[in-house]
Each structure stands twice: as C-alpha cells, then as structure tokens.
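I have placed the structure first, in the form of structure tokens, so that the comments after it can refer back to it.
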Amino acid sequence: MEILVCVKRVPDTAENEIEVNRDGSDIERDDLVYSVNEWDNYAVEEAIQIVDKVGGAVTVVSLGDEDSEEIVRREMAMGANNGILVSDDAFEGSDGKGVAAILKTVAEKGSYDLILTGAQADDGAGQIGGMLAAMLDLPYASVVNSIEVVSDSQLKVGREIEGGNQELNEIGLPCVLSIQTGINEPRYVGIRGIRKVASVDIPIWGAADLGLDASNVGQSAAGVKRVDYFVPEFGEGAEILEGSDEEIAEKLIDLLKAKGGIK
Ligand SMILES: Cc1cc2nc3c(=O)[nH]c(=O)nc-3n(C[C@H](O)[C@H](O)[C@H](O)COP(=O)(O)OP(=O)(O)OC[C@H]3O[C@@H](n4cnc5c(N)ncnc54)[C@H](O)[C@@H]3O)c2cc1C
C-alpha cells in the first residue's frame, strides 16, 4: 500500500511557553523549540505499521519553510521510506483551503492508496483532512483511532464518538483519514535512525514543480484572513488566587469549603 502522510512542524507545547506577540499578528516565535505535530507522528507510526503488515511504502510530506526539513528527516528516521518538503515564498500566509490545495497537488503527483493527516495541528483548525478529501473527491473519515486493512480496496476504521463510545466504518481505498492521538504507541527515534537518514536527499517542491498557479494560494488567495491574536480578558467572577503554592492551595480549600464543594 502506498501511503502519504502530511506532517506539520509546530511549536512543541511541552517545551515552550506560548505567548502572543506584541502586535497580535502571531505568537512570539523567537527561541521556540519545534517538533513534529503530535497527531502527525501517530499517523506516521500507523502508516509504518500498515506497510510492515501488507507491504508498500510510506511517504511523508511537509509544507513549510526550509526548517520543516528537520521533521521530514525525523519521520524518515522513524521508518518512513520517502520524504518531500514543499516550500515556496508564494505559499506563505495560505489559509486552510490554500494548504489543502497545495497538498492536493502533492497527492496527485503520486499514486497513493491512503492519505493520512493528523486530526488537528497547532492552529487547531482540524480542517485540512476534510478539505483535502473533498478536493481529491475521495471518501474521508475523521478522528480515526483504529485501522484494519480488510483487502486491497477496503479498510475498517474506528472513530471515537460522544461519551467514550466507538463507531466502526468500512471505507473504500483510496481514501483520506485524519488520525487521532492514542491510535498506537509511536516508536522512539534513536540516534542510529537519525544518522541513517542524515544525508538522504529530500526533494523540495515549489509552485512550479506542482503546476500550481501561485495566485491561487498564499496570502492573496486566502479567503480567511487572520486579523488578530489576543489573550481574552478574564471574565467577571473569575478569581485569580495569588501567593505561594501552599498559600494558593489553602485559599482554594477555604473557597471550596465556603461554596460547599468539600466539607
Ligand atoms: C505565517 C502564517 C500566516 C498565516 N495566515 C493565515 C491566514 O491569513 N488565514 C488563515 O486562515 N490561516 C492562516 N495561517 C494558518 C494556516 O493556514 C494554518 O496553519 C492552516 O490553515 C492549517 O491549519 P491547522 O494548522 O490548524 O491544521 P489542521 O487543519 O488542524 O491540521 C490537520 C492536519 O493537516 C496536516 N497539515 C496541516 N498543515 C500542514 C502543513 N503545513 N504541512 C503538512 N501537513 C499539514 C497535518 O497532517 C495536520 O495534522 C497562517 C499560518 C502562518 C504560519
């Protein structure tokens, strides 16, 4: 099975304090530690496990600047067979539809049976998987937490639904799935794996390589324009407890007692 996995380089929330920048146009990006989007790492692990079982190859693609190459290489160290970096100044400021349109051309350049995205990335939009499927006119299942290969033309996929219940669907190949965290246990990427792919050539494709009209993507084509980033005001009634950890804990216990939460 030929599998394409879309991977995004994102700020690592475990390693960074995320703050909005001064003019509210973005987050403060200086000195941030970046890594592969968590959901995408699960998707790559799932793709590797499928290929281990039924054969084929895993290709990872990332759209971003030249720094995104490091996550393509990392996912190859994990076991993906091929990597592609998609990068062009013309892509900057693309909205979700623009990102999906660019990834669509990548998918069309190959011959993939299965295309995986994460269920969401750092901007939390959760939009790329669905848009990509619609643009490719392929069936789509979102927030997938189990995959079973039934045949060359069919998968059985599980989805977590309300109240911790589970849904099972049959879906024809080729298709697009967005992957939920917890679907597997992503393997550890060791130094040996990283060394093995350190000098592998990763192609960089721009608008011309993908046959994309640059005016259809990027900032000028974005139908959704980001206009502000801000920290919302604390609502009425929100009380911020101050002091040392012990003092805050004591004040919290008093408050809970006063409101009848504990005796
Ligand atoms: C400089 C800058 C300017 C921007 N300007 C705008 C703007 O004006 N309007 C606007 O709407 N948005 C803007 N964005 C946000 C950008 O469009 C979003 O990153 C994009 O819409 C995807 O949303 P998301 O990250 O929430 O992905 P989701 O839809 O949550 O991601 C789901 C999955 O899609 C795949 N995916 C997403 N992005 C990539 C990628 N780059 N490469 C490979 N796979 C990917 C991954 O598999 C991911 O798990 C801007 C971003 C940047 C960095």
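The chains in the structure tokens are called A, B, ... from first to last as shown; in each chain the residues are counted from 1, and the ligands are counted from 1 in the order shown.
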Problem set entry | Contacts with ligand 1 at most 6 Å, only C-alpha atoms and all ligand atoms counted, listed as a PyMOL selection string | chain A and resi 6-8+39-40+61-64+92-96+117-129+224-226
Any chance you could export the current selection's N, CA and C atoms as a PDB file, in the first residue's frame?
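The result, stored in selection29.pdb:
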```pdb
ATOM      1  N   CYS A   6       0.765  13.567   5.781  1.00  0.00           N
ATOM      2  CA  CYS A   6       1.041  15.011   5.825  1.00  0.00           C
ATOM      3  C   CYS A   6       1.502  15.373   7.233  1.00  0.00           C
ATOM      4  N   VAL A   7       2.677  15.958   7.337  1.00  0.00           N
ATOM      5  CA  VAL A   7       3.238  16.261   8.663  1.00  0.00           C
ATOM      6  C   VAL A   7       3.598  17.749   8.757  1.00  0.00           C
ATOM      7  N   LYS A   8       3.263  18.347   9.878  1.00  0.00           N
ATOM      8  CA  LYS A   8       3.499  19.786  10.054  1.00  0.00           C
ATOM      9  C   LYS A   8       4.485  20.033  11.190  1.00  0.00           C
ATOM     10  N   TRP A  39      -0.184  14.684  16.460  1.00  0.00           N
ATOM     11  CA  TRP A  39      -1.150  13.846  15.737  1.00  0.00           C
ATOM     12  C   TRP A  39      -0.482  13.219  14.504  1.00  0.00           C
ATOM     13  N   ASP A  40       0.395  14.009  13.865  1.00  0.00           N
ATOM     14  CA  ASP A  40       1.041  13.541  12.631  1.00  0.00           C
ATOM     15  C   ASP A  40       2.036  12.418  12.931  1.00  0.00           C
ATOM     16  N   VAL A  61       5.156  14.187   3.777  1.00  0.00           N
ATOM     17  CA  VAL A  61       5.290  15.487   3.117  1.00  0.00           C
ATOM     18  C   VAL A  61       5.008  16.580   4.129  1.00  0.00           C
ATOM     19  N   SER A  62       5.853  17.598   4.105  1.00  0.00           N
ATOM     20  CA  SER A  62       5.607  18.752   4.962  1.00  0.00           C
ATOM     21  C   SER A  62       5.639  20.012   4.128  1.00  0.00           C
ATOM     22  N   LEU A  63       4.695  20.896   4.416  1.00  0.00           N
ATOM     23  CA  LEU A  63       4.636  22.198   3.757  1.00  0.00           C
ATOM     24  C   LEU A  63       5.112  23.229   4.772  1.00  0.00           C
ATOM     25  N   GLY A  64       6.141  23.963   4.415  1.00  0.00           N
ATOM     26  CA  GLY A  64       6.661  24.954   5.354  1.00  0.00           C
ATOM     27  C   GLY A  64       7.942  25.554   4.815  1.00  0.00           C
ATOM     28  N   GLU A  92       3.322  31.350   1.458  1.00  0.00           N
ATOM     29  CA  GLU A  92       3.213  31.990   2.788  1.00  0.00           C
ATOM     30  C   GLU A  92       1.872  32.679   2.988  1.00  0.00           C
ATOM     31  N   GLY A  93       1.300  32.505   4.175  1.00  0.00           N
ATOM     32  CA  GLY A  93       0.026  33.160   4.506  1.00  0.00           C
ATOM     33  C   GLY A  93      -1.181  32.432   3.939  1.00  0.00           C
ATOM     34  N   SER A  94      -0.976  31.201   3.433  1.00  0.00           N
ATOM     35  CA  SER A  94      -2.113  30.417   2.925  1.00  0.00           C
ATOM     36  C   SER A  94      -3.081  30.148   4.063  1.00  0.00           C
ATOM     37  N   ASP A  95      -4.373  30.159   3.768  1.00  0.00           N
ATOM     38  CA  ASP A  95      -5.345  29.705   4.770  1.00  0.00           C
ATOM     39  C   ASP A  95      -5.499  28.189   4.613  1.00  0.00           C
ATOM     40  N   GLY A  96      -6.411  27.603   5.378  1.00  0.00           N
ATOM     41  CA  GLY A  96      -6.565  26.145   5.340  1.00  0.00           C
ATOM     42  C   GLY A  96      -6.854  25.621   3.942  1.00  0.00           C
ATOM     43  N   THR A 117      -3.715  12.446   7.520  1.00  0.00           N
ATOM     44  CA  THR A 117      -3.342  13.710   8.148  1.00  0.00           C
ATOM     45  C   THR A 117      -3.535  13.505   9.647  1.00  0.00           C
ATOM     46  N   GLY A 118      -3.083  14.467  10.441  1.00  0.00           N
ATOM     47  CA  GLY A 118      -3.442  14.457  11.850  1.00  0.00           C
ATOM     48  C   GLY A 118      -4.864  14.985  11.987  1.00  0.00           C
ATOM     49  N   ALA A 119      -5.511  14.688  13.113  1.00  0.00           N
ATOM     50  CA  ALA A 119      -6.864  15.216  13.332  1.00  0.00           C
ATOM     51  C   ALA A 119      -6.824  16.740  13.474  1.00  0.00           C
ATOM     52  N   GLN A 120      -5.716  17.242  13.999  1.00  0.00           N
ATOM     53  CA  GLN A 120      -5.558  18.697  14.112  1.00  0.00           C
ATOM     54  C   GLN A 120      -4.086  19.040  14.293  1.00  0.00           C
ATOM     55  N   ALA A 121      -3.784  20.315  14.061  1.00  0.00           N
ATOM     56  CA  ALA A 121      -2.401  20.763  14.253  1.00  0.00           C
ATOM     57  C   ALA A 121      -2.398  21.942  15.216  1.00  0.00           C
ATOM     58  N   ASP A 122      -1.327  22.717  15.212  1.00  0.00           N
ATOM     59  CA  ASP A 122      -1.179  23.761  16.235  1.00  0.00           C
ATOM     60  C   ASP A 122      -2.208  24.870  16.131  1.00  0.00           C
ATOM     61  N   ASP A 123      -2.659  25.171  14.916  1.00  0.00           N
ATOM     62  CA  ASP A 123      -3.687  26.200  14.795  1.00  0.00           C
ATOM     63  C   ASP A 123      -5.066  25.651  15.175  1.00  0.00           C
ATOM     64  N   GLY A 124      -5.112  24.335  15.402  1.00  0.00           N
ATOM     65  CA  GLY A 124      -6.324  23.701  15.936  1.00  0.00           C
ATOM     66  C   GLY A 124      -7.519  23.729  15.013  1.00  0.00           C
ATOM     67  N   ALA A 125      -7.281  23.948  13.721  1.00  0.00           N
ATOM     68  CA  ALA A 125      -8.400  24.115  12.803  1.00  0.00           C
ATOM     69  C   ALA A 125      -9.075  22.793  12.452  1.00  0.00           C
ATOM     70  N   GLY A 126      -8.316  21.731  12.423  1.00  0.00           N
ATOM     71  CA  GLY A 126      -8.876  20.420  12.068  1.00  0.00           C
ATOM     72  C   GLY A 126      -9.562  20.437  10.719  1.00  0.00           C
ATOM     73  N   GLN A 127      -9.027  21.196   9.784  1.00  0.00           N
ATOM     74  CA  GLN A 127      -9.741  21.382   8.520  1.00  0.00           C
ATOM     75  C   GLN A 127      -9.059  20.724   7.325  1.00  0.00           C
ATOM     76  N   ILE A 128      -7.759  20.460   7.438  1.00  0.00           N
ATOM     77  CA  ILE A 128      -7.025  20.059   6.234  1.00  0.00           C
ATOM     78  C   ILE A 128      -7.483  18.697   5.711  1.00  0.00           C
ATOM     79  N   GLY A 129      -7.626  17.707   6.605  1.00  0.00           N
ATOM     80  CA  GLY A 129      -8.005  16.362   6.157  1.00  0.00           C
ATOM     81  C   GLY A 129      -9.286  16.371   5.335  1.00  0.00           C
ATOM     82  N   VAL A 224      -9.882  33.245   4.231  1.00  0.00           N
ATOM     83  CA  VAL A 224      -9.932  33.506   5.671  1.00  0.00           C
ATOM     84  C   VAL A 224      -8.685  34.301   6.014  1.00  0.00           C
ATOM     85  N   LYS A 225      -8.853  35.507   6.482  1.00  0.00           N
ATOM     86  CA  LYS A 225      -7.694  36.333   6.824  1.00  0.00           C
ATOM     87  C   LYS A 225      -7.594  36.452   8.332  1.00  0.00           C
ATOM     88  N   ARG A 226      -6.443  36.048   8.840  1.00  0.00           N
ATOM     89  CA  ARG A 226      -6.249  36.174  10.285  1.00  0.00           C
ATOM     90  C   ARG A 226      -6.034  37.649  10.598  1.00  0.00           C
TER      91      ARG A 226
END
```
Exercise. Any idea what's packed within 12 Å of Pro11 in chain A, counting only C-alpha atoms, ignoring anything in its chain fewer than 3 positions away? Could you give it as a ChimeraX atom specification?
Worked result: /A:8,14-19,27-38,68,71,121-123
Exercise. If we count only C-alpha atoms, what is near range 203-207 of chain A at a cut-off of 6 Å, once residues fewer than 6 positions away on the same chain are taken out, given as JSON, numbers by chain?
Worked result: {"A": [84, 85, 86, 87, 88]}
Selected residues written out, N, CA and C atoms, as an mmCIF file, in the first residue's frame:
```cif
data_model
loop_
_atom_site.group_PDB
_atom_site.id
_atom_site.type_symbol
_atom_site.label_atom_id
_atom_site.label_comp_id
_atom_site.auth_asym_id
_atom_site.auth_seq_id
_atom_site.Cartn_x
_atom_site.Cartn_y
_atom_site.Cartn_z
ATOM 1 N N ILE A 84 9.269 14.461 1.384
ATOM 2 C CA ILE A 84 9.171 15.595 0.446
ATOM 3 C C ILE A 84 8.977 16.864 1.272
ATOM 4 N N LEU A 85 9.712 17.908 0.924
ATOM 5 C CA LEU A 85 9.468 19.218 1.528
ATOM 6 C C LEU A 85 8.816 20.089 0.464
ATOM 7 N N VAL A 86 7.706 20.714 0.813
ATOM 8 C CA VAL A 86 7.027 21.616 -0.124
ATOM 9 C C VAL A 86 7.214 23.029 0.400
ATOM 10 N N SER A 87 7.890 23.829 -0.381
ATOM 11 C CA SER A 87 8.268 25.143 0.125
ATOM 12 C C SER A 87 8.378 26.149 -1.014
ATOM 13 N N ASP A 88 7.794 27.313 -0.786
ATOM 14 C CA ASP A 88 7.844 28.366 -1.801
ATOM 15 C C ASP A 88 7.362 29.641 -1.111
#
```
Exercise. So, counting only C-alpha atoms, which residue among A:Tyr112, A:Phe91, A:Phe230, A:Tyr42 is closest to Thr59 in chain A?
Worked result: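 So, comparing all the options, the nearest one is A:Tyr112.
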For this session: Step one, run DSSP on the backbone; step two, keep only residues of range 171-240 of chain A assigned to strand (DSSP E or B); then write them as an NGL selection string.
Result: :A and (171-172 or 175-179 or 204-205)
File dump, residues just selected, C-alpha atoms, as a short mmCIF file (atom, residue, chain, number, x, y, z; two decimals), in the first residue's frame:
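Listing of again.cif after writing:
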```cif
data_model
loop_
_atom_site.label_atom_id
_atom_site.label_comp_id
_atom_site.auth_asym_id
_atom_site.auth_seq_id
_atom_site.Cartn_x
_atom_site.Cartn_y
_atom_site.Cartn_z
CA ILE A 171 -14.18 2.73 3.84
CA GLY A 172 -13.03 2.13 0.28
CA CYS A 175 -9.30 7.44 0.90
CA VAL A 176 -8.21 10.16 3.32
CA LEU A 177 -8.21 9.66 7.10
CA SER A 178 -7.43 12.11 9.88
CA ILE A 179 -5.74 10.37 12.77
CA ILE A 204 11.98 20.48 -2.34
CA TRP A 205 8.94 21.19 -4.50
#
```
For this session: Tell me which protein, DNA and RNA residues are within 7 Å of Gly98 in chain A, counting only C-alpha atoms, leaving out same-chain ones fewer than 4 positions away, and put them as a list in words.
Result: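 Using only C-alpha atoms, the neighbours found are Ser94, Ile102, Val217, Gly218 and Ala222 of chain A.
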For this session: Run DSSP on the backbone and grab whatever in range 8-162 of chain A lands in helix (DSSP H, G or I); send it over as a PyMOL selection string.
Result: chain A and resi 38-54+66-78+89-91+96-109+128-136+162
For this session: Do a neighbour search on range 193-200 of chain A at 7 Å with only C-alpha atoms, toss out local chain neighbours closer than 6 positions, and write the hits as a list in words.
Result: Arg73, Arg74, Met76, Ala77 and Met78 of chain A
Write to file, as a short mmCIF file (atom, residue, chain, number, x, y, z; two decimals), in the first residue's frame, the residues of the selection just made, with N, CA and C atoms.
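File written: part-v1.cif
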```
data_model
loop_
_atom_site.label_atom_id
_atom_site.label_comp_id
_atom_site.auth_asym_id
_atom_site.auth_seq_id
_atom_site.Cartn_x
_atom_site.Cartn_y
_atom_site.Cartn_z
N ARG A 73 12.91 14.61 7.96
CA ARG A 73 14.03 13.70 8.23
C ARG A 73 13.76 12.86 9.49
N ARG A 74 13.17 13.50 10.50
CA ARG A 74 12.88 12.77 11.74
C ARG A 74 11.90 11.63 11.47
N MET A 76 11.46 10.15 8.69
CA MET A 76 12.16 9.12 7.90
C MET A 76 13.03 8.28 8.82
N ALA A 77 13.62 8.92 9.84
CA ALA A 77 14.42 8.16 10.82
C ALA A 77 13.52 7.18 11.56
N MET A 78 12.27 7.55 11.71
CA MET A 78 11.30 6.70 12.40
C MET A 78 10.96 5.47 11.54
#
```
Exercise. In Å, how far is it from CA of Gly130 in chain A to CA of Ala107 in chain A?
Worked result: 14.1 Å
For this session: Do a neighbour search on range 158-166 of chain A at 7 Å with only C-alpha atoms, toss out local chain neighbours closer than 5 positions, and write the hits as a VMD selection string.
Result: chain A and resid 143 to 147
Expected file contents, prior selection, C-alpha atoms, as a PDB file, in the first residue's frame:
```pdb
ATOM      1  CA  VAL A 143     -10.621  11.417  14.137  1.00  0.00           C
ATOM      2  CA  VAL A 144      -9.743   7.798  13.388  1.00  0.00           C
ATOM      3  CA  ASN A 145      -8.442   5.740  16.293  1.00  0.00           C
ATOM      4  CA  SER A 146      -8.124   2.282  14.701  1.00  0.00           C
ATOM      5  CA  ILE A 147      -7.377   0.967  11.210  1.00  0.00           C
TER       6      ILE A 147
END
```
